[in-house]
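What follows is a short report on a single structure.
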Amino acid sequence: RGAGRELHVEHESSLDPSMLQRLGASRCQMQMGRAASPSPVLLPAPCRTHIGRPTHRCFGVWREAYENERRKIDAAPFAVERTMSDKLPIYLKRERNGTFVYTILRKIRGHKETFMKELAFVCGVREEEVRERGNWIVINGNHRAKLRMWLQGLGF
């Protein structure tokens with residue numbers, strides 16, 4: 001499916017769901033077209049960000065807000081990539097019959113030392129409890145919920 005293709009619909013009555021699906025329109029785009037006035041409607045085609053998550057081209061205030069968020073993410077000295085199923089790569093590991101739990105964070109790019117200091121502050125642990133193991137970062141304790149909220153708040 002082409003990333004640059006846009007759908008132009010003349011009137012509300014001309015919307016045929018099967019035709020729009022063949023052209024690659026999503027259910028959301030079809031509903032946007034149905035709710036529109038009889039004037040021409042231009043539905044944005046889906047595109048992908050450089051991270052790989054699907055987004056939609058948007059106009060006016062929404063585009064400006066999206067670009068501001070994108071600048072904040074790009075300005076960070078580190079980045080966390082999502083998994084193929086579009087989830088954050090945060091995992092729990094239990095050892096010693098479940099009495100010892102630690103959190104593993106994977107797919108990190110950028111300045112890891114800065115990221116580890118931020119993690120220690122967010123999780124409320126000493127910096128010694130946050131350590132690097134190859135491409136992973138390991139934190140003592142169960143911090144999955146805190147990390148997920150923090151990373152989603154940063155826009156990852």
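All residue names refer to the structure tokens as shown: chains lettered A, B, ... in order, residues numbered from 1 in each chain, ligands numbered from 1 in order.
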Might you pull out every residue within 7 Å of range 135-139 of chain A, with only C-alpha atoms counted and same-chain residues fewer than 6 positions away left off, and present them as a ChimeraX atom specification?
-> /A:102-106,129
Could you save the residues just selected, with N, CA and C atoms, as a PDB file, in the first residue's frame?
```
ATOM      1  N   TYR A 102      13.600  -9.161  39.053  1.00  0.00           N
ATOM      2  CA  TYR A 102      14.238  -7.990  38.469  1.00  0.00           C
ATOM      3  C   TYR A 102      13.608  -7.670  37.123  1.00  0.00           C
ATOM      4  N   THR A 103      13.715  -6.407  36.740  1.00  0.00           N
ATOM      5  CA  THR A 103      13.116  -5.882  35.519  1.00  0.00           C
ATOM      6  C   THR A 103      14.199  -5.742  34.462  1.00  0.00           C
ATOM      7  N   ILE A 104      13.873  -6.191  33.252  1.00  0.00           N
ATOM      8  CA  ILE A 104      14.808  -6.105  32.127  1.00  0.00           C
ATOM      9  C   ILE A 104      14.233  -5.142  31.099  1.00  0.00           C
ATOM     10  N   LEU A 105      15.054  -4.238  30.633  1.00  0.00           N
ATOM     11  CA  LEU A 105      14.663  -3.284  29.598  1.00  0.00           C
ATOM     12  C   LEU A 105      15.591  -3.486  28.410  1.00  0.00           C
ATOM     13  N   ARG A 106      15.019  -3.709  27.239  1.00  0.00           N
ATOM     14  CA  ARG A 106      15.804  -4.000  26.035  1.00  0.00           C
ATOM     15  C   ARG A 106      15.589  -2.924  24.971  1.00  0.00           C
ATOM     16  N   GLU A 129      21.914  -0.411  41.685  1.00  0.00           N
ATOM     17  CA  GLU A 129      20.924  -1.451  41.396  1.00  0.00           C
ATOM     18  C   GLU A 129      20.491  -1.450  39.935  1.00  0.00           C
TER      19      GLU A 129
END
```
Among the residues of range 75-151 of chain A, find those DSSP assigns to helix (DSSP H, G or I) from the backbone and print them as a ChimeraX atom specification.
-> /A:75,112-123,127-129,144-151
Serialized selection, N, CA and C atoms, as a compact mmCIF listing (two decimals), in the first residue's frame:
```
# COMPACT_ATOMS: atom_id res chain seq x y z
N ALA A 75 15.09 14.97 20.63
CA ALA A 75 16.08 15.71 21.41
C ALA A 75 16.63 14.89 22.57
N LYS A 112 23.63 5.39 27.14
CA LYS A 112 23.09 4.47 28.16
C LYS A 112 23.35 4.95 29.58
N GLU A 113 24.47 5.63 29.83
CA GLU A 113 24.77 6.08 31.19
C GLU A 113 23.72 7.09 31.66
N THR A 114 23.36 8.02 30.80
CA THR A 114 22.31 8.99 31.13
C THR A 114 20.99 8.28 31.36
N PHE A 115 20.69 7.32 30.51
CA PHE A 115 19.44 6.57 30.62
C PHE A 115 19.39 5.80 31.94
N MET A 116 20.51 5.21 32.35
CA MET A 116 20.54 4.44 33.59
C MET A 116 20.35 5.35 34.81
N LYS A 117 20.91 6.57 34.77
CA LYS A 117 20.70 7.51 35.88
C LYS A 117 19.23 7.92 35.96
N GLU A 118 18.62 8.17 34.81
CA GLU A 118 17.19 8.51 34.78
C GLU A 118 16.34 7.36 35.31
N LEU A 119 16.70 6.13 34.92
CA LEU A 119 15.95 4.95 35.40
C LEU A 119 16.03 4.83 36.91
N ALA A 120 17.22 5.04 37.48
CA ALA A 120 17.38 4.96 38.93
C ALA A 120 16.50 5.98 39.62
N PHE A 121 16.43 7.19 39.08
CA PHE A 121 15.58 8.23 39.67
C PHE A 121 14.10 7.87 39.55
N VAL A 122 13.67 7.41 38.37
CA VAL A 122 12.26 7.09 38.14
C VAL A 122 11.81 5.91 39.01
N CYS A 123 12.65 4.89 39.12
CA CYS A 123 12.29 3.69 39.88
C CYS A 123 12.50 3.87 41.38
N GLU A 127 21.73 3.92 42.19
CA GLU A 127 22.31 3.74 40.85
C GLU A 127 23.04 2.41 40.72
N GLU A 128 23.49 1.83 41.84
CA GLU A 128 24.17 0.53 41.79
C GLU A 128 23.21 -0.60 41.42
N GLU A 129 21.91 -0.41 41.69
CA GLU A 129 20.92 -1.45 41.40
C GLU A 129 20.49 -1.45 39.93
N ARG A 144 7.99 -2.62 36.31
CA ARG A 144 7.41 -2.62 34.97
C ARG A 144 6.36 -1.52 34.80
N ALA A 145 5.45 -1.35 35.75
CA ALA A 145 4.39 -0.35 35.62
C ALA A 145 4.97 1.07 35.59
N LYS A 146 5.93 1.35 36.48
CA LYS A 146 6.54 2.69 36.50
C LYS A 146 7.26 2.99 35.19
N LEU A 147 8.02 2.01 34.71
CA LEU A 147 8.77 2.22 33.47
C LEU A 147 7.85 2.41 32.28
N ARG A 148 6.77 1.63 32.23
CA ARG A 148 5.83 1.75 31.11
C ARG A 148 5.20 3.14 31.09
N MET A 149 4.75 3.62 32.26
CA MET A 149 4.14 4.95 32.31
C MET A 149 5.16 6.03 31.94
N TRP A 150 6.38 5.91 32.43
CA TRP A 150 7.41 6.91 32.16
C TRP A 150 7.77 6.95 30.68
N LEU A 151 8.00 5.78 30.08
CA LEU A 151 8.38 5.74 28.66
C LEU A 151 7.24 6.20 27.76
```
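Note that CA of Glu81 in chain A and CA of Asn68 in chain A are 19.3 Å apart.
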Straight-line distance linking CA of Gly134 in chain A with CA of Arg109 in chain A, stated in Å to one decimal = 12.2 Å
Between CA of Gln152 in chain A and CA of Phe100 in chain A, what is the distance, to one decimal in Å?
-> 26.5 Å
